[in-house]
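Undergrad: Contents are mmCIF, C-alpha atoms; file name coords-v4.cif:
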data_model
loop_
_atom_site.label_atom_id
_atom_site.label_comp_id
_atom_site.auth_asym_id
_atom_site.auth_seq_id
_atom_site.Cartn_x
_atom_site.Cartn_y
_atom_site.Cartn_z
CA MET O 88 0.00 0.00 0.00
CA ARG O 89 1.68 3.13 -1.25
CA THR O 90 2.15 6.19 0.98
CA PRO O 91 0.67 9.56 -0.05
CA ALA O 92 2.75 12.71 -0.05
CA ASP O 93 1.67 16.31 0.15
CA GLY O 94 3.00 18.33 -2.79
CA SER O 95 3.70 22.04 -3.07
CA LEU O 96 2.53 24.15 -5.99
CA ALA O 97 6.15 24.61 -7.09
CA ARG O 98 6.67 20.86 -7.17
CA THR O 99 3.46 20.45 -9.15
CA LEU O 100 4.54 23.06 -11.71
CA TRP O 101 7.92 21.35 -12.00
CA ARG O 102 6.22 18.02 -12.69
CA ILE O 103 4.05 19.55 -15.37
CA THR O 104 6.77 21.48 -17.15
CA SER O 105 9.35 18.71 -16.92
CA SER O 106 6.95 16.27 -18.53
CA GLY O 107 7.04 18.26 -21.74
CA ARG O 108 3.45 17.20 -22.36
CA VAL O 109 0.75 19.69 -23.27
CA ASP O 110 -2.04 17.13 -22.80
CA LEU O 111 -0.91 16.26 -19.28
CA ALA O 112 -0.48 19.90 -18.29
CA ALA O 113 -3.91 20.79 -19.68
CA ARG O 114 -5.62 17.98 -17.77
CA THR O 115 -3.81 18.91 -14.57
CA LEU O 116 -4.84 22.55 -14.74
CA ALA O 117 -8.43 21.75 -15.72
CA GLU O 118 -8.84 19.38 -12.78
CA ARG O 119 -7.27 21.84 -10.36
CA ARG O 120 -9.83 24.42 -11.42
CA ALA O 121 -12.68 21.91 -11.00
CA TRP O 122 -11.70 20.85 -7.48
CA PRO O 123 -13.59 20.42 -5.15
CA LEU O 124 -16.08 18.33 -7.07
CA ARG O 125 -19.74 18.65 -6.09
CA LEU O 126 -21.84 15.52 -6.36
CA GLY O 127 -25.02 17.54 -6.83
CA GLU O 128 -23.84 18.37 -10.32
CA ILE O 129 -23.53 14.68 -11.26
CA LEU O 130 -26.48 12.82 -12.77
CA THR O 131 -28.00 9.99 -10.73
CA THR O 132 -29.42 7.88 -13.57
CA THR O 133 -27.22 5.03 -14.73
CA ASP O 134 -26.83 3.75 -18.28
CA PRO O 135 -26.07 0.01 -18.10
CA ALA O 136 -24.03 0.34 -21.29
CA SER O 137 -21.64 2.76 -19.56
CA VAL O 138 -21.12 0.28 -16.73
CA ASP O 139 -20.39 -2.47 -19.24
CA ALA O 140 -17.95 -0.22 -21.11
CA THR O 141 -16.08 0.51 -17.87
CA ILE O 142 -15.76 -3.20 -17.22
CA ARG O 143 -14.65 -3.95 -20.78
CA ASN O 144 -12.07 -1.15 -20.83
CA GLY O 145 -10.81 -2.08 -17.36
CA ILE O 146 -10.20 -5.67 -18.45
CA GLY O 147 -8.28 -4.25 -21.40
CA TRP O 148 -6.00 -2.25 -19.10
CA ILE O 149 -5.24 -5.31 -16.97
CA ALA O 150 -4.60 -7.43 -20.08
CA ARG O 151 -2.13 -4.95 -21.55
CA GLY O 152 -0.29 -4.58 -18.25
CA GLN O 153 -0.13 -8.30 -17.56
CA ASP O 154 1.08 -8.99 -21.09
CA TYR O 155 3.69 -6.24 -20.81
CA TRP O 156 5.70 -8.09 -18.15
CA ARG O 157 4.79 -11.58 -19.46
CA CYS O 158 5.24 -13.12 -16.02
CA GLY O 159 1.60 -13.16 -14.90
CA GLY O 160 1.94 -10.29 -12.44
CA ILE O 161 -0.01 -7.08 -12.99
CA PRO O 162 2.00 -3.82 -13.03
CA ALA O 163 1.55 -1.68 -9.95
CA SER O 164 0.90 1.41 -12.04
CA TYR O 165 1.52 3.26 -15.27
CA ASN O 166 3.03 6.76 -15.00
CA ALA O 167 1.96 9.13 -17.78
CA ARG O 168 4.74 11.60 -16.99
CA THR O 169 7.51 9.05 -17.43
CA ARG O 170 5.52 6.82 -19.83
CA ARG O 171 6.59 3.75 -17.87
CA TYR O 172 4.96 0.77 -16.19
CA ASP O 173 6.03 0.01 -12.66
CA GLY O 174 7.03 -3.56 -11.81
CA PRO O 175 4.35 -6.19 -11.15
CA TYR O 176 2.84 -5.85 -7.67
CA PRO O 177 2.33 -9.12 -5.73
CA GLU O 178 -0.10 -7.65 -3.17
CA THR O 179 -2.58 -6.19 -5.60
CA THR O 180 -2.13 -8.93 -8.19
CA GLY O 181 -3.25 -11.26 -5.40
CA TYR O 182 -6.49 -9.57 -4.48
CA SER O 183 -7.24 -8.87 -8.14
CA ILE O 184 -7.63 -12.61 -8.74
CA PRO O 185 -11.17 -12.85 -7.25
CA THR O 186 -12.14 -9.86 -9.40
CA LEU O 187 -10.73 -11.50 -12.54
CA LEU O 188 -12.61 -14.70 -11.77
CA ALA O 189 -15.85 -12.76 -11.23
CA LEU O 190 -15.28 -11.15 -14.65
CA GLY O 191 -14.82 -14.54 -16.33
CA GLN O 192 -11.10 -13.92 -16.88
CA ASP O 193 -10.06 -17.36 -15.65
CA ARG O 194 -6.93 -17.62 -17.80
CA ARG O 195 -5.59 -14.30 -16.55
CA ALA O 196 -6.45 -15.21 -12.97
CA SER O 197 -4.53 -18.50 -13.36
CA ARG O 198 -1.50 -16.72 -14.81
CA ALA O 199 -1.50 -14.33 -11.85
CA ALA O 200 -1.82 -17.18 -9.35
CA GLU O 201 0.98 -19.18 -10.97
CA TRP O 202 3.29 -16.17 -10.73
CA LEU O 203 2.48 -15.68 -7.05
CA VAL O 204 3.04 -19.35 -6.24
CA SER O 205 6.42 -19.13 -7.98
CA ARG O 206 7.33 -16.47 -5.40
CA GLN O 207 6.34 -18.55 -2.36
CA LEU O 208 9.15 -19.00 0.14
CA GLY O 209 10.06 -21.98 2.27
CA ASN O 210 8.14 -20.65 5.27
CA GLY O 211 4.95 -20.24 3.22
CA ALA O 212 5.16 -16.46 2.86
CA ILE O 213 5.23 -14.74 -0.52
CA ARG O 214 8.08 -12.55 -1.70
CA CYS O 215 6.33 -9.16 -1.78
CA ASN O 216 8.97 -7.07 -3.58
CA ILE O 217 7.89 -4.86 -6.47
CA GLU O 218 10.57 -5.35 -9.11
CA PRO O 219 10.71 -5.87 -12.87
CA PRO O 220 11.08 -9.53 -13.86
CA GLY O 221 14.64 -10.56 -14.51
CA THR O 222 16.14 -8.02 -12.11
CA THR O 223 19.82 -8.94 -12.06
CA ALA O 224 20.42 -7.99 -8.44
CA PRO O 225 17.15 -8.69 -6.62
CA ALA O 226 16.58 -6.91 -3.35
CA PRO O 227 16.44 -8.87 -0.09
CA GLU O 228 13.21 -10.77 0.38
CA GLU O 229 10.44 -8.45 1.55
CA ILE O 230 7.56 -10.05 3.45
CA VAL O 231 4.57 -7.88 4.41
CA ILE O 232 1.62 -9.21 6.42
CA PHE O 233 -0.99 -7.08 4.66
CA ASP O 234 0.38 -8.03 1.24
CA CYS O 235 0.37 -11.72 2.16
CA GLY O 236 -3.24 -11.38 3.30
CA ALA O 237 -4.17 -9.83 -0.04
CA ILE O 238 -2.41 -12.65 -1.88
CA LEU O 239 -4.21 -15.18 0.31
CA GLN O 240 -7.51 -13.83 -1.00
CA GLY O 241 -6.38 -14.71 -4.51
CA LEU O 242 -5.01 -18.16 -3.72
CA THR O 243 -8.14 -19.02 -1.72
CA ALA O 244 -10.34 -18.01 -4.65
CA MET O 245 -8.25 -20.26 -6.90
CA ALA O 246 -8.36 -23.11 -4.36
CA ARG O 247 -12.16 -23.12 -4.59
CA ARG O 248 -11.82 -23.87 -8.31
CA LYS O 249 -8.60 -25.83 -8.68
CA VAL O 250 -7.31 -28.34 -6.14
CA PRO O 251 -3.58 -27.67 -6.83
CA TYR O 252 -3.95 -24.22 -5.24
CA GLU O 253 -5.14 -25.62 -1.90
CA ALA O 254 -1.60 -26.44 -0.76
CA PRO O 255 -0.02 -23.01 -1.45
CA ALA O 256 -3.07 -21.27 0.05
CA ARG O 257 -2.81 -23.38 3.18
CA ARG O 258 0.94 -22.80 3.50
CA LEU O 259 0.49 -19.04 3.22
CA ALA O 260 -2.37 -19.03 5.73
CA GLU O 261 -0.34 -21.13 8.16
CA PHE O 262 2.54 -18.66 7.86
CA LEU O 263 0.17 -15.84 8.85
CA VAL O 264 -1.14 -17.87 11.80
CA ALA O 265 2.36 -18.81 12.95
CA THR O 266 3.52 -15.19 12.99
CA GLN O 267 0.39 -13.77 14.65
CA ALA O 268 0.87 -12.50 18.19
CA ALA O 269 -1.34 -13.66 21.05
CA SER O 270 -3.09 -10.27 20.89
CA GLY O 271 -4.44 -11.12 17.43
CA THR O 272 -2.20 -8.56 15.69
CA TRP O 273 1.27 -8.88 14.19
CA ASP O 274 4.42 -7.17 15.43
CA ARG O 275 6.74 -8.05 12.56
CA HIS O 276 6.63 -8.09 8.78
CA LEU O 277 4.67 -4.82 8.83
CA ALA O 278 4.67 -2.21 6.09
CA PHE O 279 4.67 0.57 8.70
CA PRO O 280 5.96 0.75 12.29
CA ALA O 281 2.49 0.29 13.81
CA PHE O 282 -0.11 -2.37 13.06
CA GLY O 283 -2.64 -0.57 10.87
CA SER O 284 -6.40 -1.06 11.02
CA HIS O 285 -6.46 -1.79 7.28
CA ASN O 286 -5.23 -5.26 8.29
CA ALA O 287 -8.90 -6.07 8.87
CA LEU O 288 -8.56 -7.46 5.35
CA VAL O 289 -5.99 -9.95 6.66
CA GLY O 290 -8.55 -11.06 9.23
CA TYR O 291 -11.12 -11.51 6.49
CA ALA O 292 -8.65 -13.40 4.29
CA LEU O 293 -7.91 -15.84 7.11
CA LEU O 294 -11.62 -16.34 7.80
CA GLU O 295 -12.27 -17.08 4.15
CA ALA O 296 -9.27 -19.42 3.87
CA GLY O 297 -10.26 -21.22 7.06
CA VAL O 298 -13.77 -21.86 5.76
CA THR O 299 -12.60 -22.83 2.26
CA LEU O 300 -9.86 -25.17 3.50
CA ASP O 301 -11.92 -26.48 6.43
CA ALA O 302 -9.19 -25.32 8.81
CA PRO O 303 -10.62 -24.06 12.14
CA ALA O 304 -7.24 -22.79 13.40
CA ILE O 305 -6.91 -20.53 10.35
CA ARG O 306 -10.51 -19.35 10.68
CA ASP O 307 -10.06 -18.58 14.38
CA ALA O 308 -6.92 -16.53 13.65
CA GLY O 309 -9.06 -14.33 11.43
CA HIS O 310 -11.54 -13.77 14.23
CA ARG O 311 -8.70 -12.89 16.63
CA CYS O 312 -7.39 -10.27 14.20
CA LEU O 313 -10.80 -8.62 13.85
CA ALA O 314 -11.39 -8.77 17.60
CA ALA O 315 -8.10 -6.94 18.16
CA LEU O 316 -9.09 -4.20 15.72
CA ARG O 317 -12.67 -3.79 16.86
CA PRO O 318 -11.90 -1.36 19.71
CA ARG O 319 -10.48 1.05 17.13
CA LEU O 320 -13.94 1.43 15.55
CA ARG O 321 -15.30 4.38 17.50
CA PRO O 322 -19.06 4.84 18.03
CA ASP O 323 -18.89 8.22 16.28
CA GLY O 324 -17.60 6.50 13.12
CA TYR O 325 -13.92 7.42 13.25
CA ILE O 326 -11.49 4.52 12.82
CA GLU O 327 -8.21 4.80 14.66
CA GLY O 328 -5.02 3.37 13.20
CA CYS O 329 -5.53 4.47 9.58
CA GLU O 330 -2.78 7.07 9.51
CA PHE O 331 0.25 6.95 7.22
CA PRO O 332 3.53 7.59 9.07
CA GLY O 333 4.97 11.05 8.48
CA VAL O 334 1.91 12.28 6.57
CA ARG O 335 -0.50 14.40 8.63
CA PRO O 336 0.05 12.59 11.96
CA GLY O 337 -3.13 11.67 13.79
CA VAL O 338 -5.30 12.05 10.67
CA ALA O 339 -6.62 8.99 8.83
CA PHE O 340 -6.04 8.48 5.12
CA LEU O 341 -9.27 7.57 3.35
CA HIS O 342 -7.75 4.59 1.49
CA PRO O 343 -6.94 2.42 4.58
CA PHE O 344 -10.04 3.81 6.31
CA VAL O 345 -12.23 2.16 3.68
CA TYR O 346 -10.00 -0.93 3.58
CA THR O 347 -10.95 -1.40 7.23
CA ILE O 348 -14.67 -1.10 6.50
CA GLU O 349 -14.30 -3.56 3.64
CA GLY O 350 -12.54 -6.13 5.82
CA PHE O 351 -15.34 -6.16 8.40
CA LEU O 352 -18.10 -6.15 5.77
CA LYS O 353 -16.61 -9.12 3.93
CA ALA O 354 -16.09 -10.91 7.23
CA GLU O 355 -19.82 -10.53 7.90
CA GLU O 356 -20.55 -12.37 4.65
CA ILE O 357 -18.21 -15.22 5.57
CA ALA O 358 -19.11 -15.38 9.29
CA PRO O 359 -22.52 -13.83 10.00
CA GLY O 360 -23.58 -13.51 13.60
CA HIS O 361 -20.42 -11.83 14.91
CA GLY O 362 -21.68 -8.27 14.47
CA TYR O 363 -19.00 -7.32 11.97
CA PHE O 364 -21.39 -5.25 9.82
CA ASP O 365 -22.71 -3.41 12.87
CA ALA O 366 -19.14 -2.69 13.95
CA VAL O 367 -18.43 -0.59 10.85
CA ARG O 368 -21.92 0.79 10.28
CA PRO O 369 -21.06 3.99 12.24
CA ALA O 370 -18.09 4.61 9.92
CA LEU O 371 -20.20 4.01 6.83
CA ASP O 372 -22.93 6.30 8.17
CA ALA O 373 -20.48 9.02 9.13
CA LEU O 374 -18.80 9.11 5.73
CA HIS O 375 -22.10 9.16 3.89
CA ASP O 376 -23.55 11.81 6.21
CA GLU O 377 -20.51 13.99 5.55
CA ILE O 378 -20.95 13.60 1.79
CA ARG O 379 -24.63 14.52 2.05
CA ARG O 380 -23.83 17.51 4.25
CA THR O 381 -21.14 18.96 2.00
CA ASP O 382 -22.37 17.61 -1.36
CA ARG O 383 -18.70 17.12 -2.19
CA VAL O 384 -16.47 14.24 -3.09
CA PRO O 385 -14.44 13.40 0.03
CA GLY O 386 -10.89 14.66 0.36
CA ALA O 387 -8.04 12.24 0.86
CA PHE O 388 -7.87 12.53 4.66
CA VAL O 389 -10.47 11.84 7.36
CA ASN O 390 -10.30 14.08 10.42
CA ALA O 391 -11.36 12.99 13.90
CA ASP O 392 -14.68 14.82 13.47
CA LEU O 393 -15.29 12.82 10.26
CA THR O 394 -14.81 15.81 7.98
CA THR O 395 -12.48 15.20 5.04
CA SER O 396 -9.79 17.51 3.79
CA THR O 397 -6.88 18.36 1.48
CA GLY O 398 -6.88 19.74 -2.03
CA PHE O 399 -7.17 16.35 -3.71
CA THR O 400 -8.82 13.00 -3.30
CA ALA O 401 -7.49 9.48 -3.79
CA LEU O 402 -9.74 8.06 -6.49
CA THR O 403 -8.76 4.56 -5.37
CA ALA O 404 -10.53 5.29 -2.07
CA ILE O 405 -13.55 6.72 -3.90
CA ALA O 406 -13.85 3.47 -5.88
CA GLN O 407 -13.57 1.53 -2.63
CA LEU O 408 -16.24 3.69 -1.02
CA ALA O 409 -18.62 3.12 -3.96
CA ASP O 410 -17.96 -0.62 -3.72
CA VAL O 411 -18.65 -0.93 0.02
CA GLY O 412 -21.78 1.20 -0.34
CA PHE O 413 -23.22 -1.19 -2.92
CA LYS O 414 -22.13 -4.20 -0.84
CA ALA O 415 -23.69 -2.84 2.35
CA ASP O 416 -27.04 -2.25 0.67
CA ARG O 417 -26.95 -5.69 -0.93
CA MET O 418 -26.28 -7.24 2.46
CA ASP O 419 -28.97 -5.50 4.52
CA GLY O 420 -31.38 -4.22 1.88
CA ALA O 421 -31.75 -0.83 3.57
CA GLY O 422 -30.82 1.19 0.49
CA ARG O 423 -29.02 3.83 2.54
CA TYR O 424 -25.70 3.93 0.69
CA SER O 425 -26.06 2.95 -2.96
CA GLY O 426 -27.45 6.31 -4.06
CA ILE O 427 -24.16 7.96 -3.22
CA SER O 428 -22.30 4.99 -4.70
CA ARG O 429 -24.05 5.59 -8.02
CA ARG O 430 -23.02 9.26 -7.96
CA LEU O 431 -19.45 8.33 -7.17
CA MET O 432 -19.43 5.86 -10.06
CA HIS O 433 -20.52 8.60 -12.48
CA LEU O 434 -17.55 10.64 -11.29
CA LEU O 435 -15.13 7.73 -11.62
CA ARG O 436 -16.28 6.90 -15.13
CA ALA O 437 -15.73 10.52 -16.11
CA CYS O 438 -12.22 10.41 -14.65
CA CYS O 439 -11.46 7.29 -16.71
CA SER O 440 -12.13 9.12 -19.95
CA SER O 441 -8.81 9.42 -21.71
CA SER O 442 -7.70 12.94 -22.51
CA LEU O 443 -4.11 11.75 -22.76
CA ASP O 444 -2.17 10.37 -25.71
CA ASP O 445 -1.04 7.18 -23.95
CA ALA O 446 -2.65 3.94 -25.12
CA GLU O 447 -1.48 2.47 -21.78
CA TRP O 448 -3.76 4.92 -19.95
CA VAL O 449 -7.01 3.78 -21.57
CA GLY O 450 -9.31 1.89 -19.22
CA GLY O 451 -7.32 2.74 -16.09
CA LEU O 452 -8.42 4.84 -13.12
CA PRO O 453 -6.20 7.79 -12.15
CA SER O 454 -4.79 7.48 -8.65
CA ALA O 455 -5.74 11.03 -7.65
CA TYR O 456 -8.01 13.92 -8.59
CA PRO O 457 -6.69 16.38 -9.56
CA ILE O 458 -4.32 14.14 -11.47
CA ASP O 459 -1.26 15.73 -9.81
CA GLY O 460 -2.64 15.12 -6.29
CA GLY O 461 -0.40 13.74 -3.57
CA TYR O 462 -1.20 10.08 -4.15
CA LEU O 463 0.74 8.56 -7.07
CA PRO O 464 0.46 11.69 -9.23
CA PHE O 465 0.04 11.25 -12.99
CA CYS O 466 -0.53 7.51 -12.55
CA VAL O 467 -3.19 4.90 -13.03
CA ASN O 468 -2.76 2.00 -10.60
CA ASN O 469 -4.03 -1.55 -10.67
CA TRP O 470 -5.67 -1.56 -7.23
CA GLY O 471 -7.81 1.46 -7.99
CA LEU O 472 -8.99 -0.29 -11.13
CA LYS O 473 -9.64 -3.50 -9.18
CA TYR O 474 -12.04 -1.60 -6.92
CA LEU O 475 -13.63 0.22 -9.84
CA LEU O 476 -14.33 -3.17 -11.43
CA ASP O 477 -15.66 -4.60 -8.16
CA ALA O 478 -17.96 -1.60 -7.77
CA SER O 479 -19.04 -1.89 -11.41
CA LEU O 480 -20.02 -5.52 -10.85
CA GLU O 481 -21.99 -4.51 -7.77
CA GLU O 482 -23.65 -1.68 -9.71
CA ARG O 483 -24.51 -4.06 -12.55
CA HIS O 484 -26.09 -6.45 -10.03
CA THR O 485 -28.14 -3.56 -8.63
CA LEU O 486 -29.35 -2.65 -12.12
CA ASP O 487 -30.16 -6.26 -13.01
CA THR O 488 -32.16 -6.85 -9.83
CA SER O 489 -34.06 -3.59 -10.21
CA GLY O 490 -35.06 -4.27 -13.79
CA GLY O 491 -32.44 -2.00 -15.33
CA THR O 492 -33.38 1.17 -13.46
CA PRO O 493 -31.23 2.78 -10.76
#
In structure tokens, how does this file's structure come out?
TA:
Amino acid sequence: MRTPADGSLARTLWRITSSGRVDLAARTLAERRAWPLRLGEILTTTDPASVDATIRNGIGWIARGQDYWRCGGIPASYNARTRRYDGPYPETTGYSIPTLLALGQDRRASRAAEWLVSRQLGNGAIRCNIEPPGTTAPAPEEIVIFDCGAILQGLTAMARRKVPYEAPARRLAEFLVATQAASGTWDRHLAFPAFGSHNALVGYALLEAGVTLDAPAIRDAGHRCLAALRPRLRPDGYIEGCEFPGVRPGVAFLHPFVYTIEGFLKAEEIAPGHGYFDAVRPALDALHDEIRRTDRVPGAFVNADLTTSTGFTALTAIAQLADVGFKADRMDGAGRYSGISRRLMHLLRACCSSSLDDAEWVGGLPSAYPIDGGYLPFCVNNWGLKYLLDASLEERHTLDTSGGTP
């Protein structure tokens, strides 16, 4: 999970001018003028054909990126300023596998899974380094708990379809269980110094693996993780432990904030009766109430009073927020969240429209709005697209079950 960085105007201007690209500079300036975006100006009706086009174009982006490296891994991102793909990203390639399977992209899902299994270490963990294939001097093995949990989601999804993936999924899950502290958290192999609340997705991944593999010890480890994180879910909706080190201390970043909600929501689907949905309902309500109050797309950071701030938003988090809104309404039928999810999807589809010359950009979701914002500026990344595709599938389900009307 990449760390955001606040950028000064001078740095932004340097990025634009050094790119030597009129199209990129024009888009940057246009989006800066348009920020902050008001949702009231976005239509609420949904054209099913536009949802299908988003899905089709998104699959195209993944296909081009996966074919670029030829190893099965999906590039972390494409940078329009440098016109380069980043190396394939094990973490996000892993949790993209269930999305690919849901889209009927079984061959691409299998290629991704085979690449990940090829990176499995003797202790069951996965080598999590982001590096171009064939790197002559590979960096020391990097193992990250959150990344391994994301990869476990993919291997578990494959294990439900193909028996050969049961063994690597089990080995990875057993590594996570073996390194888990008695508290239910982990104190080593962390991306950041502190154990972040976004690791709720590791808890979910262990629950799912435990159920799929009929392994109670793995399932119970997932429950312990979520139990350890539950006290961080405040009754007012704020989630503690979603800060990025060195970036606005004490203020949550929206991306891991919604990761946390997602982890508990998905755990509810796997293990109903534990109150996981109710645990994150205050956070869902608070975010949606803030959007209704301001009529604006949330900023990238969530303050303790549940207001959001900064001069940009992380579109990855907006795609996540749309996805969990659709999921929550599908799960409880209350219809409280999907209206805002539909508005967010209109925004995201507009942001996907390509005003740039790069063929590699088409179908991808920019990391930030404005495009030069402090989260992977000038890039499209694969995890943002994964969540856009997940949300599109949820939106399509909503349209299908409502007879084609929003």
Undergrad: Quick one: everything within 9 Å of O:Ala269, counting all atoms listed in the file, minus sequence neighbours fewer than 3 positions away in the same chain. Send it as a list in words.
TA: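 So, after excluding close chain neighbours, the residues are Thr272, Trp273 and Arg311 of chain O.
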Undergrad: Using atom CA of O:Leu294 and atom CA of O:Ala354 as the two end points, give the distance in Å to one decimal.
TA: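 Going from atom CA of O:Leu294 over to atom CA of O:Ala354 covers 7.1 Å.
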Undergrad: With all atoms listed in the file as the atoms that count, which of O:Ile232, O:Val345, O:Leu187, O:Leu124 lies nearest to O:Gly145?
TA: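 For O:Gly145, the nearest of the given residues is O:Leu187.
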Undergrad: Extract, using only C-alpha atoms, all DNA, RNA and protein residues at most 9 Å from O:Ala278, discarding same-chain residues fewer than 4 positions from it, and format them as JSON, numbers by chain.
TA: {"O": [88, 230, 231, 232, 233, 234, 282, 283]}
Undergrad: Between O:Ala314, O:Met432, O:Ala339, O:Ala415, which is the closest to O:Ala387 once you count only C-alpha atoms?
TA: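 For O:Ala387, the nearest of the candidates is O:Ala339.
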Undergrad: May I have the residues at most 12 Å from (-8.2, 1.3, -21.4) in the file's coordinates, counting all atoms listed in the file, as a PDB file with C-alpha atoms, keeping the file's coordinate frame?
TA:
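The new file out_22.pdb reads:
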ATOM      1  CA  ALA O 140     -17.950  -0.220 -21.110  1.00  0.00           C
ATOM      2  CA  THR O 141     -16.080   0.510 -17.870  1.00  0.00           C
ATOM      3  CA  ILE O 142     -15.760  -3.200 -17.220  1.00  0.00           C
ATOM      4  CA  ARG O 143     -14.650  -3.950 -20.780  1.00  0.00           C
ATOM      5  CA  ASN O 144     -12.070  -1.150 -20.830  1.00  0.00           C
ATOM      6  CA  GLY O 145     -10.810  -2.080 -17.360  1.00  0.00           C
ATOM      7  CA  ILE O 146     -10.200  -5.670 -18.450  1.00  0.00           C
ATOM      8  CA  GLY O 147      -8.280  -4.250 -21.400  1.00  0.00           C
ATOM      9  CA  TRP O 148      -6.000  -2.250 -19.100  1.00  0.00           C
ATOM     10  CA  ILE O 149      -5.240  -5.310 -16.970  1.00  0.00           C
ATOM     11  CA  ALA O 150      -4.600  -7.430 -20.080  1.00  0.00           C
ATOM     12  CA  ARG O 151      -2.130  -4.950 -21.550  1.00  0.00           C
ATOM     13  CA  GLY O 152      -0.290  -4.580 -18.250  1.00  0.00           C
ATOM     14  CA  TYR O 165       1.520   3.260 -15.270  1.00  0.00           C
ATOM     15  CA  ARG O 436     -16.280   6.900 -15.130  1.00  0.00           C
ATOM     16  CA  CYS O 439     -11.460   7.290 -16.710  1.00  0.00           C
ATOM     17  CA  SER O 440     -12.130   9.120 -19.950  1.00  0.00           C
ATOM     18  CA  SER O 441      -8.810   9.420 -21.710  1.00  0.00           C
ATOM     19  CA  SER O 442      -7.700  12.940 -22.510  1.00  0.00           C
ATOM     20  CA  LEU O 443      -4.110  11.750 -22.760  1.00  0.00           C
ATOM     21  CA  ASP O 444      -2.170  10.370 -25.710  1.00  0.00           C
ATOM     22  CA  ASP O 445      -1.040   7.180 -23.950  1.00  0.00           C
ATOM     23  CA  ALA O 446      -2.650   3.940 -25.120  1.00  0.00           C
ATOM     24  CA  GLU O 447      -1.480   2.470 -21.780  1.00  0.00           C
ATOM     25  CA  TRP O 448      -3.760   4.920 -19.950  1.00  0.00           C
ATOM     26  CA  VAL O 449      -7.010   3.780 -21.570  1.00  0.00           C
ATOM     27  CA  GLY O 450      -9.310   1.890 -19.220  1.00  0.00           C
ATOM     28  CA  GLY O 451      -7.320   2.740 -16.090  1.00  0.00           C
ATOM     29  CA  LEU O 452      -8.420   4.840 -13.120  1.00  0.00           C
ATOM     30  CA  PRO O 453      -6.200   7.790 -12.150  1.00  0.00           C
ATOM     31  CA  VAL O 467      -3.190   4.900 -13.030  1.00  0.00           C
ATOM     32  CA  ASN O 469      -4.030  -1.550 -10.670  1.00  0.00           C
ATOM     33  CA  LEU O 472      -8.990  -0.290 -11.130  1.00  0.00           C
TER      34      LEU O 472
END
Undergrad: Could you please determine the separation between atom CA of O:Ala237 and atom CA of O:Tyr182 in Å, to one decimal place?
TA: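 Going from atom CA of O:Ala237 over to atom CA of O:Tyr182 covers 5.0 Å.
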Undergrad: Pick out the residues sitting within 8 Å of stretch 211-228 of chain O, and hand them over as a PyMOL selection string; count all atoms listed in the file, and ignore anything fewer than 6 positions along from it in its own chain.
TA: chain O and resi 156+158+163+173-178+203-204+234-235+255+258-263
Undergrad: Do a neighbour search on O:Arg483 at 10 Å with all atoms listed in the file, toss out local chain neighbours closer than 6 positions, and write the hits as a list in words.
TA: Thr133, Asp134, Pro135, Ala136, Val138, Asp139, Ile142, Asp477, Ser489, Gly491 and Pro493 of chain O
Undergrad: Take the residues just selected and output them with C-alpha atoms as a compact mmCIF listing (two decimals), in the frame of the given file.
TA:
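Writing the result to out.txt gives the following:
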# COMPACT_ATOMS: atom_id res chain seq x y z
CA THR O 133 -27.22 5.03 -14.73
CA ASP O 134 -26.83 3.75 -18.28
CA PRO O 135 -26.07 0.01 -18.10
CA ALA O 136 -24.03 0.34 -21.29
CA VAL O 138 -21.12 0.28 -16.73
CA ASP O 139 -20.39 -2.47 -19.24
CA ILE O 142 -15.76 -3.20 -17.22
CA ASP O 477 -15.66 -4.60 -8.16
CA SER O 489 -34.06 -3.59 -10.21
CA GLY O 491 -32.44 -2.00 -15.33
CA PRO O 493 -31.23 2.78 -10.76
Undergrad: Provide the atom CA of O:Asp382 to atom CA of O:Leu126 distance in Å, to one decimal place.
TA: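 Computing the Euclidean distance for atom CA of O:Asp382 and atom CA of O:Leu126 yields 5.4 Å.
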Undergrad: Can you list what the PyMOL selection byres ((chain O and resi 349) around 12) grabs from this structure, as a count of residues only?
TA: 44
Undergrad: Listed atoms of stretch 216-219 of chain O, axis-aligned box, 8 Å per side: centre and edge lengths to one decimal in Å, as lines of an AutoDock Vina configuration file?
TA:
center_x = 9.3
center_y = -6.0
center_z = -8.2
size_x = 18.8
size_y = 18.2
size_z = 25.3
Undergrad: Find the residues around O:Gly324 up to 7 Å (all atoms listed in the file counted), leave out those fewer than 2 positions away in its own chain, and share them as a list in words.
TA: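 The residues satisfying every condition are Leu320, Arg321, Pro322, Ile326, Pro369, Ala370 and Ala373 of chain O.
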Undergrad: Kindly indicate which residue among O:Gly471, O:Ser425, O:Phe465, O:Val109 lies nearest to O:His484, using all atoms listed in the file for the distances.
TA: O:Ser425
